[in-house]
file protein-v4.cif (mmCIF, C-alpha atoms)
data_entry
#
loop_
_atom_site.group_PDB
_atom_site.id
_atom_site.type_symbol
_atom_site.label_atom_id
_atom_site.label_comp_id
_atom_site.auth_asym_id
_atom_site.auth_seq_id
_atom_site.Cartn_x
_atom_site.Cartn_y
_atom_site.Cartn_z
ATOM 1 C CA MET G 21 0.000 0.000 0.000
ATOM 2 C CA GLN G 22 1.145 3.513 -0.810
ATOM 3 C CA GLU G 23 2.710 5.135 2.223
ATOM 4 C CA TYR G 24 0.828 8.196 3.510
ATOM 5 C CA TYR G 25 3.708 10.642 3.780
ATOM 6 C CA SER G 26 5.087 9.985 0.302
ATOM 7 C CA LEU G 27 1.561 10.151 -1.121
ATOM 8 C CA PHE G 28 1.542 13.795 -0.008
ATOM 9 C CA SER G 29 5.296 14.353 -0.660
ATOM 10 C CA LEU G 30 5.871 15.182 2.988
ATOM 11 C CA PRO G 31 8.930 14.288 5.091
ATOM 12 C CA GLU G 32 8.201 11.355 7.388
ATOM 13 C CA ARG G 33 8.276 13.225 10.667
ATOM 14 C CA TYR G 34 5.831 13.582 13.530
ATOM 15 C CA ALA G 35 5.934 17.371 13.448
ATOM 16 C CA ILE G 36 3.785 18.365 10.511
ATOM 17 C CA ASP G 37 2.745 21.630 8.890
ATOM 18 C CA PRO G 38 -1.079 21.468 8.806
ATOM 19 C CA ALA G 39 -1.326 23.965 5.930
ATOM 20 C CA ARG G 40 1.084 21.972 3.808
ATOM 21 C CA LEU G 41 -0.769 18.746 4.560
ATOM 22 C CA GLU G 42 -4.058 20.353 3.590
ATOM 23 C CA ASP G 43 -2.614 21.698 0.296
ATOM 24 C CA ALA G 44 -1.090 18.335 -0.586
ATOM 25 C CA TYR G 45 -4.368 16.576 0.146
ATOM 26 C CA ARG G 46 -6.366 18.967 -2.037
ATOM 27 C CA SER G 47 -3.932 18.586 -4.888
ATOM 28 C CA VAL G 48 -4.133 14.749 -4.781
ATOM 29 C CA GLN G 49 -7.938 14.918 -4.511
ATOM 30 C CA ALA G 50 -8.106 17.229 -7.526
ATOM 31 C CA GLN G 51 -6.051 14.803 -9.611
ATOM 32 C CA VAL G 52 -8.264 11.819 -8.877
ATOM 33 C CA HIS G 53 -11.623 13.578 -8.651
ATOM 34 C CA PRO G 54 -14.450 11.439 -10.130
ATOM 35 C CA ASP G 55 -15.524 14.328 -12.420
ATOM 36 C CA ARG G 56 -12.229 14.056 -14.262
ATOM 37 C CA PHE G 57 -12.813 10.365 -14.905
ATOM 38 C CA ALA G 58 -16.506 10.504 -15.762
ATOM 39 C CA HIS G 59 -15.853 9.719 -19.426
ATOM 40 C CA ARG G 60 -12.968 7.318 -18.865
ATOM 41 C CA PRO G 61 -13.173 3.523 -18.977
ATOM 42 C CA GLU G 62 -14.548 1.673 -15.953
ATOM 43 C CA ALA G 63 -11.117 0.341 -14.886
ATOM 44 C CA GLU G 64 -9.634 3.840 -14.754
ATOM 45 C CA ARG G 65 -12.603 5.153 -12.819
ATOM 46 C CA ARG G 66 -12.132 2.384 -10.287
ATOM 47 C CA VAL G 67 -8.436 3.117 -9.850
ATOM 48 C CA ALA G 68 -9.157 6.832 -9.409
ATOM 49 C CA MET G 69 -11.747 5.973 -6.793
ATOM 50 C CA GLN G 70 -9.221 3.830 -4.909
ATOM 51 C CA TRP G 71 -6.726 6.704 -4.907
ATOM 52 C CA ALA G 72 -9.371 9.073 -3.597
ATOM 53 C CA THR G 73 -10.224 6.673 -0.768
ATOM 54 C CA LEU G 74 -6.545 6.249 0.087
ATOM 55 C CA ALA G 75 -6.006 10.022 0.099
ATOM 56 C CA ASN G 76 -8.977 10.477 2.466
ATOM 57 C CA GLU G 77 -7.652 7.840 4.820
ATOM 58 C CA ALA G 78 -4.115 9.253 4.669
ATOM 59 C CA PHE G 79 -5.346 12.799 5.333
ATOM 60 C CA ARG G 80 -7.553 11.741 8.223
ATOM 61 C CA THR G 81 -4.676 9.783 9.812
ATOM 62 C CA LEU G 82 -1.961 12.421 9.395
ATOM 63 C CA LYS G 83 -4.219 15.263 10.492
ATOM 64 C CA SER G 84 -4.934 13.699 13.891
ATOM 65 C CA PRO G 85 -1.970 14.108 16.284
ATOM 66 C CA LEU G 86 -2.766 10.796 17.956
ATOM 67 C CA GLU G 87 -3.481 8.774 14.807
ATOM 68 C CA ARG G 88 -0.336 10.176 13.168
ATOM 69 C CA ALA G 89 1.801 8.981 16.083
ATOM 70 C CA ARG G 90 0.196 5.520 15.956
ATOM 71 C CA TYR G 91 0.842 5.358 12.222
ATOM 72 C CA LEU G 92 4.516 6.279 12.650
ATOM 73 C CA LEU G 93 4.959 3.734 15.440
ATOM 74 C CA GLU G 94 3.465 1.065 13.203
ATOM 75 C CA ARG G 95 5.784 2.066 10.341
ATOM 76 C CA ARG G 96 8.764 1.825 12.662
ATOM 77 C CA GLY G 97 7.875 -1.638 13.849
ATOM 78 C CA ALA G 98 6.525 -0.715 17.291
ATOM 79 C CA PRO G 99 2.735 -0.697 16.895
ATOM 80 C CA VAL G 100 0.588 0.183 19.894
ATOM 81 C CA ASP G 101 -1.803 -2.613 20.862
ATOM 82 C CA PRO G 102 -4.386 -0.823 22.980
ATOM 83 C CA GLU G 103 -6.655 -3.882 23.238
ATOM 84 C CA ARG G 104 -4.151 -6.066 25.045
ATOM 85 C CA ASN G 105 -1.963 -3.652 26.876
ATOM 86 C CA THR G 106 -3.537 -3.063 30.273
ATOM 87 C CA GLY G 107 -0.378 -2.612 32.343
ATOM 88 C CA MET G 108 -0.088 1.135 32.484
ATOM 89 C CA SER G 109 1.800 2.849 35.283
ATOM 90 C CA PRO G 110 -0.356 2.596 38.439
ATOM 91 C CA ALA G 111 0.345 6.241 39.289
ATOM 92 C CA PHE G 112 -0.965 7.323 35.895
ATOM 93 C CA LEU G 113 -4.070 5.134 36.236
ATOM 94 C CA MET G 114 -4.699 6.430 39.736
ATOM 95 C CA GLN G 115 -4.552 9.969 38.378
ATOM 96 C CA GLN G 116 -6.984 9.007 35.603
ATOM 97 C CA MET G 117 -9.364 7.609 38.194
ATOM 98 C CA GLU G 118 -9.159 10.852 40.171
ATOM 99 C CA TRP G 119 -9.855 12.845 36.996
ATOM 100 C CA ARG G 120 -12.896 10.709 36.253
ATOM 101 C CA GLU G 121 -14.124 11.157 39.826
ATOM 102 C CA SER G 122 -13.708 14.933 39.522
ATOM 103 C CA VAL G 123 -15.673 14.964 36.273
ATOM 104 C CA GLU G 124 -18.410 12.881 37.880
ATOM 105 C CA GLU G 125 -18.595 15.173 40.898
ATOM 106 C CA ALA G 126 -18.682 18.302 38.720
ATOM 107 C CA ALA G 127 -21.482 16.925 36.526
ATOM 108 C CA SER G 128 -23.778 19.899 37.220
ATOM 109 C CA ASP G 129 -21.083 22.557 37.579
ATOM 110 C CA ALA G 130 -20.207 24.087 34.223
ATOM 111 C CA VAL G 131 -17.523 26.368 35.666
ATOM 112 C CA GLU G 132 -15.712 23.457 37.279
ATOM 113 C CA LEU G 133 -16.049 21.359 34.108
ATOM 114 C CA GLU G 134 -14.529 24.181 32.059
ATOM 115 C CA ARG G 135 -11.680 24.412 34.541
ATOM 116 C CA LEU G 136 -11.043 20.665 34.303
ATOM 117 C CA HIS G 137 -11.105 20.960 30.528
ATOM 118 C CA ARG G 138 -8.416 23.646 30.595
ATOM 119 C CA GLU G 139 -6.284 21.626 33.005
ATOM 120 C CA LEU G 140 -6.625 18.594 30.762
ATOM 121 C CA ALA G 141 -5.694 20.600 27.660
ATOM 122 C CA ARG G 142 -2.583 21.867 29.414
ATOM 123 C CA ASP G 143 -1.459 18.357 30.412
ATOM 124 C CA GLU G 144 -2.197 17.095 26.927
ATOM 125 C CA ARG G 145 -0.072 19.803 25.315
ATOM 126 C CA VAL G 146 2.902 18.808 27.446
ATOM 127 C CA MET G 147 2.397 15.159 26.497
ATOM 128 C CA PHE G 148 2.144 15.965 22.778
ATOM 129 C CA ASP G 149 5.395 17.961 23.009
ATOM 130 C CA ASP G 150 7.054 14.973 24.677
ATOM 131 C CA LEU G 151 5.662 12.733 21.959
ATOM 132 C CA ALA G 152 7.156 14.901 19.201
ATOM 133 C CA GLN G 153 10.467 14.840 21.029
ATOM 134 C CA ALA G 154 10.370 11.046 21.470
ATOM 135 C CA LEU G 155 9.517 10.419 17.801
ATOM 136 C CA ASP G 156 11.493 13.090 15.943
ATOM 137 C CA GLU G 157 14.532 13.691 18.156
ATOM 138 C CA ALA G 158 15.188 10.791 20.523
ATOM 139 C CA ALA G 159 13.729 7.994 18.363
ATOM 140 C CA ASP G 160 12.580 6.513 21.674
ATOM 141 C CA LEU G 161 9.788 4.234 20.458
ATOM 142 C CA PRO G 162 8.851 2.632 23.824
ATOM 143 C CA ARG G 163 8.478 6.111 25.316
ATOM 144 C CA ALA G 164 6.405 7.247 22.331
ATOM 145 C CA GLY G 165 4.195 4.154 22.635
ATOM 146 C CA GLU G 166 3.603 4.819 26.314
ATOM 147 C CA LEU G 167 2.686 8.451 25.582
ATOM 148 C CA VAL G 168 0.263 7.419 22.846
ATOM 149 C CA GLN G 169 -1.509 5.076 25.254
ATOM 150 C CA ARG G 170 -1.687 7.787 27.890
ATOM 151 C CA LEU G 171 -3.076 10.240 25.359
ATOM 152 C CA MET G 172 -5.789 7.745 24.441
ATOM 153 C CA PHE G 173 -6.989 7.946 28.052
ATOM 154 C CA MET G 174 -6.816 11.724 27.901
ATOM 155 C CA GLU G 175 -8.971 11.698 24.772
ATOM 156 C CA LYS G 176 -11.572 9.614 26.570
ATOM 157 C CA LEU G 177 -11.497 12.062 29.473
ATOM 158 C CA ARG G 178 -11.967 14.960 27.113
ATOM 159 C CA ARG G 179 -15.051 13.267 25.658
ATOM 160 C CA GLU G 180 -16.423 12.695 29.163
ATOM 161 C CA ILE G 181 -16.045 16.401 29.939
ATOM 162 C CA THR G 182 -17.536 17.647 26.671
ATOM 163 C CA ASP G 183 -20.434 15.184 27.052
ATOM 164 C CA ALA G 184 -21.083 16.443 30.573
ATOM 165 C CA LEU G 185 -21.040 20.058 29.319
ATOM 166 C CA ALA G 186 -23.391 19.163 26.456
ATOM 167 C CA ARG G 187 -25.832 17.591 28.907
ATOM 168 C CA LEU G 188 -25.818 20.793 30.954
ATOM 169 C CA GLU G 189 -26.667 22.880 27.919
ATOM 170 C CA GLU G 190 -29.695 20.762 27.034
ATOM 171 C CA MET F 15 -25.525 -3.308 20.624
ATOM 172 C CA ALA F 16 -27.648 -5.135 23.170
ATOM 173 C CA TYR F 17 -26.178 -6.128 26.508
ATOM 174 C CA SER F 18 -26.867 -9.614 27.827
ATOM 175 C CA GLU F 19 -29.179 -9.969 30.818
ATOM 176 C CA LYS F 20 -26.284 -10.828 33.099
ATOM 177 C CA VAL F 21 -24.358 -7.748 32.037
ATOM 178 C CA LEU F 22 -27.416 -5.576 32.673
ATOM 179 C CA ASP F 23 -27.923 -7.175 36.085
ATOM 180 C CA HIS F 24 -24.350 -6.428 37.192
ATOM 181 C CA TYR F 25 -24.493 -3.001 35.571
ATOM 182 C CA GLU F 26 -27.712 -2.015 37.334
ATOM 183 C CA ASN F 27 -26.873 -3.708 40.638
ATOM 184 C CA PRO F 28 -23.090 -3.756 40.803
ATOM 185 C CA ARG F 29 -21.751 -5.912 43.646
ATOM 186 C CA ASN F 30 -19.019 -4.735 45.996
ATOM 187 C CA VAL F 31 -18.499 -1.197 44.711
ATOM 188 C CA GLY F 32 -16.062 0.939 46.654
ATOM 189 C CA SER F 33 -12.687 0.822 48.378
ATOM 190 C CA PHE F 34 -11.333 -0.602 51.610
ATOM 191 C CA ALA F 35 -10.419 1.813 54.378
ATOM 192 C CA LYS F 36 -6.817 2.976 54.444
ATOM 193 C CA GLU F 37 -6.407 1.347 57.888
ATOM 194 C CA GLU F 38 -6.930 -2.040 56.258
ATOM 195 C CA ALA F 39 -4.116 -1.548 53.747
ATOM 196 C CA GLU F 40 -2.008 -4.225 55.450
ATOM 197 C CA THR F 41 -4.386 -7.017 54.413
ATOM 198 C CA VAL F 42 -5.431 -5.510 51.090
ATOM 199 C CA GLY F 43 -3.961 -5.899 47.601
ATOM 200 C CA THR F 44 -4.863 -3.268 45.000
ATOM 201 C CA GLY F 45 -4.789 -3.782 41.238
ATOM 202 C CA MET F 46 -5.048 -0.806 38.901
ATOM 203 C CA VAL F 47 -5.466 -1.499 35.205
ATOM 204 C CA GLY F 48 -6.630 0.439 32.188
ATOM 205 C CA ALA F 49 -7.525 -0.248 28.574
ATOM 206 C CA PRO F 50 -6.260 2.478 26.240
ATOM 207 C CA ALA F 51 -8.585 1.249 23.465
ATOM 208 C CA CYS F 52 -11.650 2.512 25.293
ATOM 209 C CA GLY F 53 -10.113 4.592 28.091
ATOM 210 C CA ASP F 54 -11.589 2.340 30.780
ATOM 211 C CA VAL F 55 -9.969 2.402 34.200
ATOM 212 C CA MET F 56 -10.492 -0.363 36.753
ATOM 213 C CA LYS F 57 -9.433 -0.665 40.386
ATOM 214 C CA LEU F 58 -9.841 -4.035 42.081
ATOM 215 C CA GLN F 59 -9.047 -4.631 45.738
ATOM 216 C CA ILE F 60 -8.823 -7.960 47.537
ATOM 217 C CA LYS F 61 -8.795 -8.416 51.288
ATOM 218 C CA VAL F 62 -6.819 -11.458 52.331
ATOM 219 C CA ASN F 63 -7.083 -13.257 55.698
ATOM 220 C CA ALA F 64 -4.307 -14.934 57.694
ATOM 221 C CA ALA F 65 -4.916 -18.249 55.905
ATOM 222 C CA GLY F 66 -4.211 -16.614 52.555
ATOM 223 C CA VAL F 67 -7.847 -16.721 51.468
ATOM 224 C CA ILE F 68 -9.598 -13.757 49.854
ATOM 225 C CA GLU F 69 -12.417 -12.910 52.212
ATOM 226 C CA ASP F 70 -13.693 -9.764 50.563
ATOM 227 C CA ALA F 71 -13.245 -7.762 47.366
ATOM 228 C CA LYS F 72 -14.204 -4.316 46.115
ATOM 229 C CA PHE F 73 -13.996 -2.534 42.800
ATOM 230 C CA LYS F 74 -14.343 0.828 41.165
ATOM 231 C CA THR F 75 -14.562 1.011 37.389
ATOM 232 C CA TYR F 76 -14.981 3.873 34.967
ATOM 233 C CA GLY F 77 -16.020 2.323 31.703
ATOM 234 C CA CYS F 78 -18.800 0.757 29.669
ATOM 235 C CA GLY F 79 -21.434 -1.645 30.979
ATOM 236 C CA SER F 80 -19.356 -4.696 30.063
ATOM 237 C CA ALA F 81 -16.325 -3.403 31.972
ATOM 238 C CA ILE F 82 -18.433 -2.681 35.045
ATOM 239 C CA ALA F 83 -20.138 -6.080 34.840
ATOM 240 C CA SER F 84 -16.806 -7.895 34.372
ATOM 241 C CA SER F 85 -15.293 -6.284 37.455
ATOM 242 C CA SER F 86 -18.455 -6.722 39.516
ATOM 243 C CA LEU F 87 -18.523 -10.410 38.583
ATOM 244 C CA VAL F 88 -14.901 -11.078 39.522
ATOM 245 C CA THR F 89 -15.331 -9.495 42.965
ATOM 246 C CA GLU F 90 -17.914 -12.233 43.571
ATOM 247 C CA TRP F 91 -15.797 -14.970 42.050
ATOM 248 C CA VAL F 92 -12.586 -14.272 43.982
ATOM 249 C CA LYS F 93 -14.261 -14.381 47.389
ATOM 250 C CA GLY F 94 -13.376 -17.587 49.246
ATOM 251 C CA LYS F 95 -10.536 -18.363 46.846
ATOM 252 C CA THR F 96 -6.839 -18.617 47.669
ATOM 253 C CA LEU F 97 -4.541 -16.257 45.773
ATOM 254 C CA ASP F 98 -3.466 -19.042 43.422
ATOM 255 C CA GLU F 99 -7.055 -20.062 42.766
ATOM 256 C CA ALA F 100 -7.927 -16.435 42.012
ATOM 257 C CA LEU F 101 -5.071 -16.293 39.518
ATOM 258 C CA GLY F 102 -6.714 -19.241 37.752
ATOM 259 C CA ILE F 103 -9.698 -17.116 36.679
ATOM 260 C CA LYS F 104 -9.472 -16.642 32.911
ATOM 261 C CA ASN F 105 -10.954 -13.885 30.821
ATOM 262 C CA THR F 106 -12.680 -16.524 28.669
ATOM 263 C CA GLN F 107 -14.701 -17.669 31.707
ATOM 264 C CA ILE F 108 -15.749 -14.087 32.426
ATOM 265 C CA ALA F 109 -16.683 -13.477 28.784
ATOM 266 C CA GLU F 110 -18.651 -16.714 28.685
ATOM 267 C CA GLU F 111 -20.528 -16.074 31.936
ATOM 268 C CA LEU F 112 -21.558 -12.586 30.777
ATOM 269 C CA ALA F 113 -22.060 -13.595 27.129
ATOM 270 C CA LEU F 114 -19.805 -10.745 25.999
ATOM 271 C CA PRO F 115 -19.682 -10.074 22.247
ATOM 272 C CA PRO F 116 -16.232 -10.186 20.565
ATOM 273 C CA VAL F 117 -15.849 -6.389 20.618
ATOM 274 C CA LYS F 118 -16.154 -6.444 24.419
ATOM 275 C CA ILE F 119 -13.659 -9.228 25.082
ATOM 276 C CA HIS F 120 -11.094 -6.632 26.140
ATOM 277 C CA CYS F 121 -13.325 -5.808 29.139
ATOM 278 C CA SER F 122 -12.933 -9.367 30.393
ATOM 279 C CA ILE F 123 -9.173 -9.213 29.759
ATOM 280 C CA LEU F 124 -9.094 -6.067 31.841
ATOM 281 C CA ALA F 125 -10.858 -7.827 34.728
ATOM 282 C CA GLU F 126 -8.493 -10.812 34.571
ATOM 283 C CA ASP F 127 -5.493 -8.485 34.568
ATOM 284 C CA ALA F 128 -6.966 -6.578 37.509
ATOM 285 C CA ILE F 129 -7.021 -9.780 39.590
ATOM 286 C CA LYS F 130 -3.395 -10.501 38.645
ATOM 287 C CA ALA F 131 -2.352 -6.949 39.541
ATOM 288 C CA ALA F 132 -4.168 -7.094 42.903
ATOM 289 C CA VAL F 133 -2.587 -10.442 43.832
ATOM 290 C CA GLU F 134 0.821 -9.197 42.764
ATOM 291 C CA ASP F 135 0.403 -6.049 44.843
ATOM 292 C CA TYR F 136 -0.621 -8.075 47.894
ATOM 293 C CA ARG F 137 2.325 -10.478 47.504
ATOM 294 C CA LYS F 138 4.791 -7.651 46.965
ATOM 295 C CA LYS F 139 3.688 -6.059 50.231
ATOM 296 C CA HIS F 140 4.058 -9.308 52.153
ATOM 297 C CA ASP F 141 7.221 -10.723 50.612
ATOM 298 C CA SER F 142 9.166 -7.592 51.398
ATOM 299 C CA GLN F 143 8.544 -7.875 55.119
#

call {"tool": "encode", "arguments": {"input": "protein-v4.cif", "output": "structure tokens"}}
result
Amino acid sequence: MQEYYSLFSLPERYAIDPARLEDAYRSVQAQVHPDRFAHRPEAERRVAMQWATLANEAFRTLKSPLERARYLLERRGAPVDPERNTGMSPAFLMQQMEWRESVEEAASDAVELERLHRELARDERVMFDDLAQALDEAADLPRAGELVQRLMFMEKLRREITDALARLEE
Amino acid sequence: MAYSEKVLDHYENPRNVGSFAKEEAETVGTGMVGAPACGDVMKLQIKVNAAGVIEDAKFKTYGCGSAIASSSLVTEWVKGKTLDEALGIKNTQIAEELALPPVKIHCSILAEDAIKAAVEDYRKKHDSQ
């Protein structure tokens, strides 16, 4: 399968320029757009369609900071297996449990939920910076894998908070 | 996706929710596990008597119905078991008892790993004395 970074002619690094990614995606999409193949033979139309699907998938993956890291780890032979890997650091899990308790307790307190959301965003930013460092500078794949797993918990937390806020607005 | 009746029963009436008091820490083993795939976090505690038998268990789980049911179920199953017997509980038994669909198998894995982590924590505390 065509590799995502080369599909968009981008260097295979974690740090990515979102504007450049967007431009590259649009240019690939324009080349394989169904309108351009409307009068072409069936086989060509099918191939164009496959390229368009691949470009969508590649764009979606590279655009997401978490999915991009998982993709790079897979490419480098250290895929994250979030289904099987339950042995996270107890201190981290304890902190997650405390976060979830705080969200539960603040269920009807929009101000507190907003505050938790900001705190979470701050922690996440630090972790994403560490992740970029681990992937692009240190080439420390175990560290990067651990950070990806932690960030998956953070994403779940974020959803819990936004869901709680949405329920308050109803 | 529909939950099985047994999952719903444990979900609506979870057994043994909570934590043991800090004063009991000496006889308690705590297992913390988490599943990054769904962001579930599970804490399982076992209280072990002088004969090495688990006399009580408690859990706290943030997760889907299947994760809550799996942990609720194992708190019932480990009671009266020795540590080694508790380690014999397999995720396949949990999944079978609760009729978990394939996409929820990881919840039963989480519960099995929580037992292992709790036993390990208890043994670590007692071997180092």

call {"tool": "atom_distance", "arguments": {"input": "protein-v4.cif", "atom1": "atom CA of F:Lys93", "atom2": "atom CA of F:Glu26"}}
result
20.9 Å

call {"tool": "resolve_selection", "arguments": {"input": "protein-v4.cif", "expression": "the PyMOL selection byres ((chain F and resi 123-128) around 8)", "output": "count of residues only"}}
result
25

call {"tool": "interface_residues", "arguments": {"input": "protein-v4.cif", "of": "chain G", "to": "chain F", "cutoff": "9 Å", "atoms": "only C-alpha atoms", "output": "PyMOL selection string"}}
result
chain G and resi 101-111+113-114+116-117+120-121+168-177

call {"tool": "write_last_selection", "arguments": {"input": "protein-v4.cif", "atoms": "C-alpha atoms", "output": "mmCIF file, in the coordinates of the input"}}
result
data_model
loop_
_atom_site.group_PDB
_atom_site.id
_atom_site.type_symbol
_atom_site.label_atom_id
_atom_site.label_comp_id
_atom_site.auth_asym_id
_atom_site.auth_seq_id
_atom_site.Cartn_x
_atom_site.Cartn_y
_atom_site.Cartn_z
ATOM 1 C CA ASP G 101 -1.803 -2.613 20.862
ATOM 2 C CA PRO G 102 -4.386 -0.823 22.980
ATOM 3 C CA GLU G 103 -6.655 -3.882 23.238
ATOM 4 C CA ARG G 104 -4.151 -6.066 25.045
ATOM 5 C CA ASN G 105 -1.963 -3.652 26.876
ATOM 6 C CA THR G 106 -3.537 -3.063 30.273
ATOM 7 C CA GLY G 107 -0.378 -2.612 32.343
ATOM 8 C CA MET G 108 -0.088 1.135 32.484
ATOM 9 C CA SER G 109 1.800 2.849 35.283
ATOM 10 C CA PRO G 110 -0.356 2.596 38.439
ATOM 11 C CA ALA G 111 0.345 6.241 39.289
ATOM 12 C CA LEU G 113 -4.070 5.134 36.236
ATOM 13 C CA MET G 114 -4.699 6.430 39.736
ATOM 14 C CA GLN G 116 -6.984 9.007 35.603
ATOM 15 C CA MET G 117 -9.364 7.609 38.194
ATOM 16 C CA ARG G 120 -12.896 10.709 36.253
ATOM 17 C CA GLU G 121 -14.124 11.157 39.826
ATOM 18 C CA VAL G 168 0.263 7.419 22.846
ATOM 19 C CA GLN G 169 -1.509 5.076 25.254
ATOM 20 C CA ARG G 170 -1.687 7.787 27.890
ATOM 21 C CA LEU G 171 -3.076 10.240 25.359
ATOM 22 C CA MET G 172 -5.789 7.745 24.441
ATOM 23 C CA PHE G 173 -6.989 7.946 28.052
ATOM 24 C CA MET G 174 -6.816 11.724 27.901
ATOM 25 C CA GLU G 175 -8.971 11.698 24.772
ATOM 26 C CA LYS G 176 -11.572 9.614 26.570
ATOM 27 C CA LEU G 177 -11.497 12.062 29.473
#

call {"tool": "resolve_selection", "arguments": {"input": "protein-v4.cif", "expression": "the PyMOL selection byres ((chain F and resi 95-98) around 7)", "output": "PyMOL selection string"}}
result
chain F and resi 66-68+92-94+99-102+133

call {"tool": "residues_around", "arguments": {"input": "protein-v4.cif", "residues": "F:Leu22", "least_positions_apart": "6", "cutoff": "10 Å", "atoms": "only C-alpha atoms", "output": "number ranges by chain"}}
result
F: 16, 28, 79-80, 82-83, 112

call {"tool": "atom_distance", "arguments": {"input": "protein-v4.cif", "atom1": "atom CA of G:Pro54", "atom2": "atom CA of G:Leu74"}}
result
13.9 Å

call {"tool": "axis_aligned_box", "arguments": {"input": "protein-v4.cif", "around": "stretch 124-138 of chain G", "padding_each_side": "5 Å", "output": "lines of an AutoDock Vina configuration file"}}
result
center_x = -16.1
center_y = 19.6
center_z = 35.7
size_x = 25.4
size_y = 23.5
size_z = 20.4

call {"tool": "residues_around", "arguments": {"input": "protein-v4.cif", "residues": "stretch 38-42 of chain F", "least_positions_apart": "5", "cutoff": "6 Å", "atoms": "only C-alpha atoms", "output": "list in words"}}
result
Ile60, Lys61 and Val62 of chain F

call {"tool": "atom_distance", "arguments": {"input": "protein-v4.cif", "atom1": "atom CA of G:Glu132", "atom2": "atom CA of G:Val146"}}
result
21.6 Å

call {"tool": "residues_around", "arguments": {"input": "protein-v4.cif", "residues": "stretch 25-34 of chain G", "least_positions_apart": "5", "cutoff": "9 Å", "atoms": "all atoms listed in the file", "output": "PyMOL selection string"}}
result
chain G and resi 40-41+43-45+47-48+75+78-79+82+85+88-89+92+151-153+155-156

call {"tool": "resolve_selection", "arguments": {"input": "protein-v4.cif", "expression": "the PyMOL selection byres ((chain G and resi 133) around 12)", "output": "JSON, numbers by chain"}}
result
{"G": [119, 120, 121, 122, 123, 124, 125, 126, 127, 128, 129, 130, 131, 132, 134, 135, 136, 137, 138, 139, 140, 177, 178, 179, 180, 181, 182, 183, 184, 185, 186, 187, 188]}

call {"tool": "build_atoms", "arguments": {"input": "protein-v4.cif", "residues": "stretch 47-58 of chain F", "atoms": "N, CA, C and O atoms", "output": "compact mmCIF listing (two decimals), in the frame of the given file"}}
result
# COMPACT_ATOMS: atom_id res chain seq x y z
N VAL F 47 -5.72 -1.22 36.62
CA VAL F 47 -5.47 -1.50 35.20
C VAL F 47 -6.29 -0.56 34.35
O VAL F 47 -7.27 0.03 34.81
N GLY F 48 -5.89 -0.43 33.10
CA GLY F 48 -6.63 0.44 32.19
C GLY F 48 -6.52 -0.08 30.78
O GLY F 48 -5.55 -0.74 30.43
N ALA F 49 -7.54 0.18 29.97
CA ALA F 49 -7.52 -0.25 28.57
C ALA F 49 -7.49 0.99 27.68
O ALA F 49 -8.50 1.68 27.56
N PRO F 50 -6.35 1.28 27.07
CA PRO F 50 -6.26 2.48 26.24
C PRO F 50 -7.29 2.49 25.11
O PRO F 50 -7.79 3.55 24.73
N ALA F 51 -7.66 1.31 24.60
CA ALA F 51 -8.59 1.25 23.46
C ALA F 51 -9.88 1.99 23.76
O ALA F 51 -10.43 2.65 22.89
N CYS F 52 -10.37 1.88 24.99
CA CYS F 52 -11.65 2.51 25.29
C CYS F 52 -11.51 3.52 26.43
O CYS F 52 -12.48 4.17 26.79
N GLY F 53 -10.31 3.64 27.01
CA GLY F 53 -10.11 4.59 28.09
C GLY F 53 -10.70 4.14 29.41
O GLY F 53 -10.84 4.93 30.34
N ASP F 54 -11.03 2.85 29.53
CA ASP F 54 -11.59 2.34 30.78
C ASP F 54 -10.51 2.23 31.85
O ASP F 54 -9.38 1.86 31.56
N VAL F 55 -10.89 2.55 33.07
CA VAL F 55 -9.97 2.40 34.20
C VAL F 55 -10.65 1.53 35.25
O VAL F 55 -11.84 1.73 35.54
N MET F 56 -9.92 0.59 35.81
CA MET F 56 -10.49 -0.36 36.75
C MET F 56 -9.58 -0.51 37.97
O MET F 56 -8.37 -0.66 37.82
N LYS F 57 -10.19 -0.42 39.16
CA LYS F 57 -9.43 -0.66 40.39
C LYS F 57 -10.10 -1.83 41.11
O LYS F 57 -11.30 -1.80 41.38
N LEU F 58 -9.31 -2.87 41.38
CA LEU F 58 -9.84 -4.04 42.08
C LEU F 58 -9.04 -4.24 43.35
O LEU F 58 -7.81 -4.24 43.32
